[in-house]
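**Q** Please find model.pdb (PDB, C-alpha atoms, pLDDT in the B column) on the next line:
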```pdb
ATOM      1  CA  MET A  55      85.461 105.030 122.401  1.00 70.00           C
ATOM      2  CA  SER A  56      85.322 101.593 120.799  1.00 77.00           C
ATOM      3  CA  THR A  57      83.818 101.179 117.341  1.00 91.00           C
ATOM      4  CA  ALA A  58      82.911  98.314 115.054  1.00 96.00           C
ATOM      5  CA  PHE A  59      85.994  99.232 113.002  1.00 96.00           C
ATOM      6  CA  ASP A  60      88.718  99.225 115.671  1.00 96.00           C
ATOM      7  CA  ASP A  61      90.254  95.989 114.355  1.00 96.00           C
ATOM      8  CA  VAL A  62      90.675  97.230 110.795  1.00 96.00           C
ATOM      9  CA  LEU A  63      91.896 100.672 111.851  1.00 95.00           C
ATOM     10  CA  ALA A  64      94.502  99.066 114.128  1.00 95.00           C
ATOM     11  CA  ALA A  65      95.590  96.803 111.271  1.00 97.00           C
ATOM     12  CA  ASN A  66      95.938  99.868 109.052  1.00 97.00           C
ATOM     13  CA  GLU A  67      98.284 101.482 111.554  1.00 96.00           C
ATOM     14  CA  LYS A  68     100.543  98.441 111.270  1.00 96.00           C
ATOM     15  CA  TYR A  69     100.236  98.514 107.461  1.00 96.00           C
ATOM     16  CA  VAL A  70     101.252 102.180 107.315  1.00 97.00           C
ATOM     17  CA  ARG A  71     104.523 101.437 109.131  1.00 95.00           C
ATOM     18  CA  SER A  72     105.670  99.160 106.306  1.00 95.00           C
ATOM     19  CA  PHE A  73     103.797 100.775 103.397  1.00 96.00           C
ATOM     20  CA  GLY A  74     105.718 100.309 100.172  1.00 93.00           C
ATOM     21  CA  LEU A  75     103.361 101.352  97.402  1.00 94.00           C
ATOM     22  CA  ALA A  76     104.059 105.093  97.442  1.00 93.00           C
ATOM     23  CA  GLY A  77     104.649 106.344  93.929  1.00 92.00           C
ATOM     24  CA  LEU A  78     102.861 103.436  92.249  1.00 93.00           C
ATOM     25  CA  GLN A  79     101.330 104.687  89.003  1.00 92.00           C
ATOM     26  CA  PRO A  80      97.531 104.536  88.581  1.00 94.00           C
ATOM     27  CA  VAL A  81      97.672 102.628  85.286  1.00 96.00           C
ATOM     28  CA  ALA A  82      97.348  98.861  84.962  1.00 97.00           C
ATOM     29  CA  ALA A  83     101.005  97.921  84.417  1.00 97.00           C
ATOM     30  CA  ARG A  84     100.052  94.617  82.763  1.00 98.00           C
ATOM     31  CA  GLY A  85      97.068  96.084  80.915  1.00 98.00           C
ATOM     32  CA  LEU A  86      94.569  93.796  82.641  1.00 98.00           C
ATOM     33  CA  ALA A  87      91.107  94.532  83.998  1.00 98.00           C
ATOM     34  CA  LEU A  88      89.657  91.684  86.038  1.00 98.00           C
ATOM     35  CA  VAL A  89      85.928  91.481  86.699  1.00 98.00           C
ATOM     36  CA  THR A  90      85.342  89.044  89.532  1.00 98.00           C
ATOM     37  CA  CYS A  91      83.084  88.402  92.491  1.00 97.00           C
ATOM     38  CA  MET A  92      83.251  90.055  95.890  1.00 96.00           C
ATOM     39  CA  ASP A  93      83.522  86.600  97.486  1.00 96.00           C
ATOM     40  CA  SER A  94      86.264  86.634 100.128  1.00 96.00           C
ATOM     41  CA  ARG A  95      87.578  83.258  98.935  1.00 96.00           C
ATOM     42  CA  ILE A  96      88.973  84.992  95.850  1.00 97.00           C
ATOM     43  CA  GLU A  97      92.487  86.463  96.039  1.00 97.00           C
ATOM     44  CA  PRO A  98      92.747  88.164  92.643  1.00 97.00           C
ATOM     45  CA  LEU A  99      96.413  89.141  92.743  1.00 97.00           C
ATOM     46  CA  ASP A 100      97.844  85.886  94.056  1.00 96.00           C
ATOM     47  CA  MET A 101      95.711  83.560  91.934  1.00 96.00           C
ATOM     48  CA  LEU A 102      96.826  85.203  88.681  1.00 98.00           C
ATOM     49  CA  GLY A 103     100.451  85.943  89.572  1.00 97.00           C
ATOM     50  CA  LEU A 104      99.834  89.666  89.815  1.00 98.00           C
ATOM     51  CA  LYS A 105     101.180  92.320  92.123  1.00 96.00           C
ATOM     52  CA  PRO A 106      99.765  95.699  93.152  1.00 96.00           C
ATOM     53  CA  GLY A 107      99.608  98.002  90.155  1.00 97.00           C
ATOM     54  CA  ASP A 108      99.383  95.229  87.550  1.00 98.00           C
ATOM     55  CA  ALA A 109      95.614  95.235  87.054  1.00 98.00           C
ATOM     56  CA  LYS A 110      92.365  97.051  87.658  1.00 98.00           C
ATOM     57  CA  ILE A 111      90.129  94.793  89.714  1.00 98.00           C
ATOM     58  CA  LEU A 112      86.360  95.239  89.594  1.00 98.00           C
ATOM     59  CA  ARG A 113      84.375  93.214  92.105  1.00 98.00           C
ATOM     60  CA  ASN A 114      80.654  92.763  92.567  1.00 97.00           C
ATOM     61  CA  ALA A 115      78.206  90.068  93.581  1.00 95.00           C
ATOM     62  CA  GLY A 116      78.402  87.334  90.961  1.00 95.00           C
ATOM     63  CA  ALA A 117      81.148  88.927  88.817  1.00 97.00           C
ATOM     64  CA  ARG A 118      78.467  90.378  86.549  1.00 96.00           C
ATOM     65  CA  VAL A 119      79.082  92.923  83.813  1.00 98.00           C
ATOM     66  CA  THR A 120      76.578  95.568  84.856  1.00 97.00           C
ATOM     67  CA  ASP A 121      76.181  99.055  83.426  1.00 97.00           C
ATOM     68  CA  ASP A 122      78.486 100.314  86.170  1.00 97.00           C
ATOM     69  CA  THR A 123      81.080  97.688  85.256  1.00 98.00           C
ATOM     70  CA  LEU A 124      80.938  98.839  81.631  1.00 98.00           C
ATOM     71  CA  ARG A 125      81.327 102.478  82.714  1.00 98.00           C
ATOM     72  CA  THR A 126      84.382 101.530  84.737  1.00 98.00           C
ATOM     73  CA  LEU A 127      85.865  99.503  81.879  1.00 98.00           C
ATOM     74  CA  VAL A 128      85.514 102.472  79.511  1.00 98.00           C
ATOM     75  CA  LEU A 129      87.477 104.612  81.976  1.00 98.00           C
ATOM     76  CA  ALA A 130      90.039 101.859  82.535  1.00 98.00           C
ATOM     77  CA  VAL A 131      90.639 101.380  78.798  1.00 98.00           C
ATOM     78  CA  TYR A 132      90.980 105.035  77.883  1.00 98.00           C
ATOM     79  CA  LEU A 133      92.573 106.460  81.019  1.00 98.00           C
ATOM     80  CA  LEU A 134      94.222 103.646  82.959  1.00 98.00           C
ATOM     81  CA  GLY A 135      96.125 101.503  80.472  1.00 98.00           C
ATOM     82  CA  VAL A 136      93.760  98.537  80.198  1.00 98.00           C
ATOM     83  CA  ASN A 137      93.963  96.599  76.918  1.00 98.00           C
ATOM     84  CA  ARG A 138      92.489  93.247  78.000  1.00 98.00           C
ATOM     85  CA  VAL A 139      89.589  92.152  80.188  1.00 98.00           C
ATOM     86  CA  MET A 140      89.047  88.876  82.022  1.00 98.00           C
ATOM     87  CA  VAL A 141      85.622  88.110  83.489  1.00 98.00           C
ATOM     88  CA  LEU A 142      86.010  85.533  86.242  1.00 98.00           C
ATOM     89  CA  PRO A 143      83.032  84.187  88.188  1.00 97.00           C
ATOM     90  CA  HIS A 144      83.571  81.289  90.610  1.00 96.00           C
ATOM     91  CA  THR A 145      82.191  77.958  91.675  1.00 95.00           C
ATOM     92  CA  ARG A 146      79.699  77.753  94.533  1.00 93.00           C
ATOM     93  CA  CYS A 147      78.588  81.378  94.043  1.00 90.00           C
ATOM     94  CA  LYS A 148      75.430  82.415  95.899  1.00 87.00           C
ATOM     95  CA  MET A 149      74.305  84.533  92.930  1.00 87.00           C
ATOM     96  CA  ALA A 150      74.313  81.391  90.744  1.00 88.00           C
ATOM     97  CA  SER A 151      72.650  79.168  93.330  1.00 88.00           C
ATOM     98  CA  VAL A 152      69.281  80.896  93.549  1.00 88.00           C
ATOM     99  CA  ALA A 153      66.502  80.647  90.988  1.00 83.00           C
ATOM    100  CA  SER A 154      65.949  84.369  90.517  1.00 90.00           C
ATOM    101  CA  ASP A 155      66.270  87.852  91.905  1.00 91.00           C
ATOM    102  CA  ASP A 156      62.775  87.330  93.328  1.00 93.00           C
ATOM    103  CA  GLU A 157      64.114  84.504  95.484  1.00 93.00           C
ATOM    104  CA  VAL A 158      66.816  86.796  96.908  1.00 92.00           C
ATOM    105  CA  HIS A 159      64.276  89.568  97.529  1.00 94.00           C
ATOM    106  CA  ASP A 160      62.025  87.084  99.303  1.00 94.00           C
ATOM    107  CA  LEU A 161      64.885  85.702 101.438  1.00 93.00           C
ATOM    108  CA  ILE A 162      65.916  89.182 102.585  1.00 95.00           C
ATOM    109  CA  ALA A 163      62.325  90.257 103.233  1.00 96.00           C
ATOM    110  CA  ALA A 164      61.541  87.111 105.231  1.00 96.00           C
ATOM    111  CA  LYS A 165      64.684  87.254 107.340  1.00 95.00           C
ATOM    112  CA  TYR A 166      65.164  91.012 107.783  1.00 97.00           C
ATOM    113  CA  GLY A 167      61.875  92.631 106.815  1.00 97.00           C
ATOM    114  CA  VAL A 168      63.609  94.769 104.163  1.00 97.00           C
ATOM    115  CA  ASP A 169      62.068  95.262 100.727  1.00 97.00           C
ATOM    116  CA  THR A 170      64.944  95.180  98.219  1.00 96.00           C
ATOM    117  CA  ARG A 171      62.824  95.065  95.055  1.00 95.00           C
ATOM    118  CA  SER A 172      64.226  98.401  93.872  1.00 96.00           C
ATOM    119  CA  LEU A 173      67.546  96.592  93.275  1.00 93.00           C
ATOM    120  CA  GLU A 174      68.544  94.200  90.525  1.00 90.00           C
ATOM    121  CA  PHE A 175      70.877  91.448  91.784  1.00 90.00           C
ATOM    122  CA  HIS A 176      71.654  89.835  88.398  1.00 91.00           C
ATOM    123  CA  THR A 177      71.222  86.288  89.678  1.00 86.00           C
ATOM    124  CA  ASP A 178      71.398  83.490  87.130  1.00 87.00           C
ATOM    125  CA  ARG A 179      71.528  79.739  87.705  1.00 87.00           C
ATOM    126  CA  ASP A 180      73.046  79.376  84.242  1.00 91.00           C
ATOM    127  CA  GLN A 181      76.347  80.833  85.379  1.00 93.00           C
ATOM    128  CA  ILE A 182      78.204  79.957  82.175  1.00 94.00           C
ATOM    129  CA  GLY A 183      75.401  81.339  80.020  1.00 94.00           C
ATOM    130  CA  ALA A 184      75.473  84.538  82.081  1.00 95.00           C
ATOM    131  CA  LEU A 185      79.251  84.723  81.622  1.00 96.00           C
ATOM    132  CA  PHE A 186      78.946  84.404  77.835  1.00 97.00           C
ATOM    133  CA  HIS A 187      76.225  87.077  77.843  1.00 96.00           C
ATOM    134  CA  ASP A 188      78.453  89.404  79.860  1.00 97.00           C
ATOM    135  CA  LEU A 189      81.422  88.817  77.552  1.00 98.00           C
ATOM    136  CA  GLU A 190      79.259  89.821  74.604  1.00 97.00           C
ATOM    137  CA  ARG A 191      78.197  92.996  76.433  1.00 98.00           C
ATOM    138  CA  ILE A 192      81.863  93.979  76.633  1.00 98.00           C
ATOM    139  CA  ARG A 193      82.730  92.904  73.086  1.00 98.00           C
ATOM    140  CA  HIS A 194      79.850  94.860  71.565  1.00 97.00           C
ATOM    141  CA  HIS A 195      79.828  97.950  73.754  1.00 98.00           C
ATOM    142  CA  PRO A 196      79.961 100.956  71.408  1.00 98.00           C
ATOM    143  CA  LEU A 197      82.448 102.842  73.576  1.00 98.00           C
ATOM    144  CA  LEU A 198      84.983 100.033  73.929  1.00 98.00           C
ATOM    145  CA  PRO A 199      87.557  99.317  71.202  1.00 98.00           C
ATOM    146  CA  ASN A 200      86.780  96.481  68.777  1.00 96.00           C
ATOM    147  CA  ASP A 201      90.257  95.020  69.319  1.00 97.00           C
ATOM    148  CA  LEU A 202      89.943  94.868  73.126  1.00 98.00           C
ATOM    149  CA  ALA A 203      91.034  91.365  74.202  1.00 98.00           C
ATOM    150  CA  VAL A 204      88.235  89.786  76.256  1.00 98.00           C
ATOM    151  CA  MET A 205      88.083  86.356  77.883  1.00 98.00           C
ATOM    152  CA  GLY A 206      85.974  84.475  80.382  1.00 98.00           C
ATOM    153  CA  ALA A 207      87.040  81.852  82.866  1.00 98.00           C
ATOM    154  CA  LEU A 208      85.774  80.115  85.995  1.00 97.00           C
ATOM    155  CA  TYR A 209      87.631  80.133  89.319  1.00 97.00           C
ATOM    156  CA  ASP A 210      87.278  77.003  91.447  1.00 97.00           C
ATOM    157  CA  VAL A 211      87.103  78.059  95.098  1.00 97.00           C
ATOM    158  CA  ASP A 212      88.031  74.534  96.218  1.00 97.00           C
ATOM    159  CA  SER A 213      91.184  74.063  94.133  1.00 97.00           C
ATOM    160  CA  GLY A 214      92.265  77.584  93.171  1.00 97.00           C
ATOM    161  CA  ARG A 215      92.254  76.664  89.465  1.00 97.00           C
ATOM    162  CA  VAL A 216      91.221  79.152  86.793  1.00 97.00           C
ATOM    163  CA  THR A 217      89.682  77.378  83.800  1.00 97.00           C
ATOM    164  CA  PRO A 218      89.361  79.400  80.578  1.00 97.00           C
ATOM    165  CA  LEU A 219      85.873  79.077  79.091  1.00 95.00           C
ATOM    166  CA  ASP A 220      85.934  81.606  76.296  1.00 75.00           C
ATOM    167  CA  LEU A 221      88.971  83.122  74.600  1.00 59.00           C
TER     168      LEU A 221
END
```
What does this structure look like when you write it as structure tokens?
**A**
Amino acid sequence: MSTAFDDVLAANEKYVRSFGLAGLQPVAARGLALVTCMDSRIEPLDMLGLKPGDAKILRNAGARVTDDTLRTLVLAVYLLGVNRVMVLPHTRCKMASVASDDEVHDLIAAKYGVDTRSLEFHTDRDQIGALFHDLERIRHHPLLPNDLAVMGALYDVDSGRVTPLDL
């Protein structure tokens, strides 16, 4: 029986034959948590010189620091060896190219007939302003340590360059 997932399951069989990560510890070996977008043009390990086990990578639409991101960062800091956080949105992001969540809701409703208004998409055309807001959410979260190193940067999907914006 063929499924929509045959290609990825077949690829996993090949992966298993050369699997080399057994025994890797669950902590972030380099103490880094990276909050970035789910965009497939982003290769978080390669672009920052990391290897598996070096960092905890949190991905969502727009690289936004949501309540769930904060929950995950609290766990990462206290249980998984994280002592620094980089928030890294990217150029040409769909979540920064629309005027509002309402525009996204309207696009989905018009094209697919699905009402998504129960969701918050965290769109913001002021991508840098949104980044600074999100950095402050981390820096002032009551459950995160005051000395947690936090920085923001922007990834350019056309050049691969990471440009620090807030240290």
**Q** Identify all residues satisfying the PyMOL selection byres ((chain A and resi 113-118) around 10) in the given file; provide them as an MDAnalysis selection string.
**A** chainID A and resid 88:93 98 110:112 119:123 141:144 147:150 175:178 181 184:185 187:189
**Q** For atom CA of Leu198 of chain A and atom CA of Leu127 of chain A, quote the distance in Å rounded to one decimal.
**A**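 Rounded to one decimal, the two atoms are 8.0 Å apart.
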**Q** Using the chain letters and numbers from the file, which residues does the PyMOL selection byres ((chain A and resi 81-83) around 7) grab, as a ChimeraX atom specification?
**A** /A:79-80,84-86,107-110,134-136
**Q** Could you write out as a PyMOL selection string the residues that the PyMOL selection byres ((chain A and resi 208) around 9) matches in the shown file?
**A** chain A and resi 141-145+182+206-207+209-210+215-219
**Q** Just the number, please: distance in Å from atom CA of Ile192 of chain A to atom CA of Glu174 of chain A, one decimal.
**A**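 Calculated distance between atom CA of Ile192 of chain A and atom CA of Glu174 of chain A is 19.2 Å.
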**Q** Mind pulling up the distance from atom CA of Arg138 of chain A to atom CA of Asp201 of chain A?
**A** 9.1 Å
**Q** A:Ala87, A:Ser151, A:Pro106, A:Arg95: which is nearest Val204 of chain A, counting all atoms listed in the file?
**A**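 Nearest candidate to Val204 of chain A out of A:Ala87, A:Ser151, A:Pro106, A:Arg95: A:Ala87.
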**Q** For Asp160 of chain A, find every residue with an atom within 9 Å (counting all atoms listed in the file), except residues of its own chain fewer than 5 positions away, and show them as a ChimeraX atom specification.
**A** /A:155,165,169-170
**Q** I'd like the contact shell of Ser172 of chain A - 12 Å cut-off, only C-alpha atoms, skipping same-chain residues fewer than 4 positions apart - returned as a PDB file with C-alpha atoms, in the frame of the given file.
**A**
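Produced file out-v2.pdb, reproduced below:
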```
ATOM      1  CA  ASP A 155      66.270  87.852  91.905  1.00 91.00           C
ATOM      2  CA  ASP A 156      62.775  87.330  93.328  1.00 93.00           C
ATOM      3  CA  HIS A 159      64.276  89.568  97.529  1.00 94.00           C
ATOM      4  CA  VAL A 168      63.609  94.769 104.163  1.00 97.00           C
TER       5      VAL A 168
END
```
**Q** So that all listed atoms of segment 89-107 of chain A fit with 4 Å spare on each side, what axis-aligned box centre and edge lengths in Å, to one decimal, would you give as JSON?
**A**
```
{"center_x": 92.1, "center_y": 90.6, "center_z": 93.4, "size_x": 26.1, "size_y": 22.7, "size_z": 21.4}
```
**Q** Around (90.4, 85.2, 75.1), as given in the file, which residues come within 8 Å? Count only C-alpha atoms and list them as a PyMOL selection string.
**A** chain A and resi 140+203-206+220-221
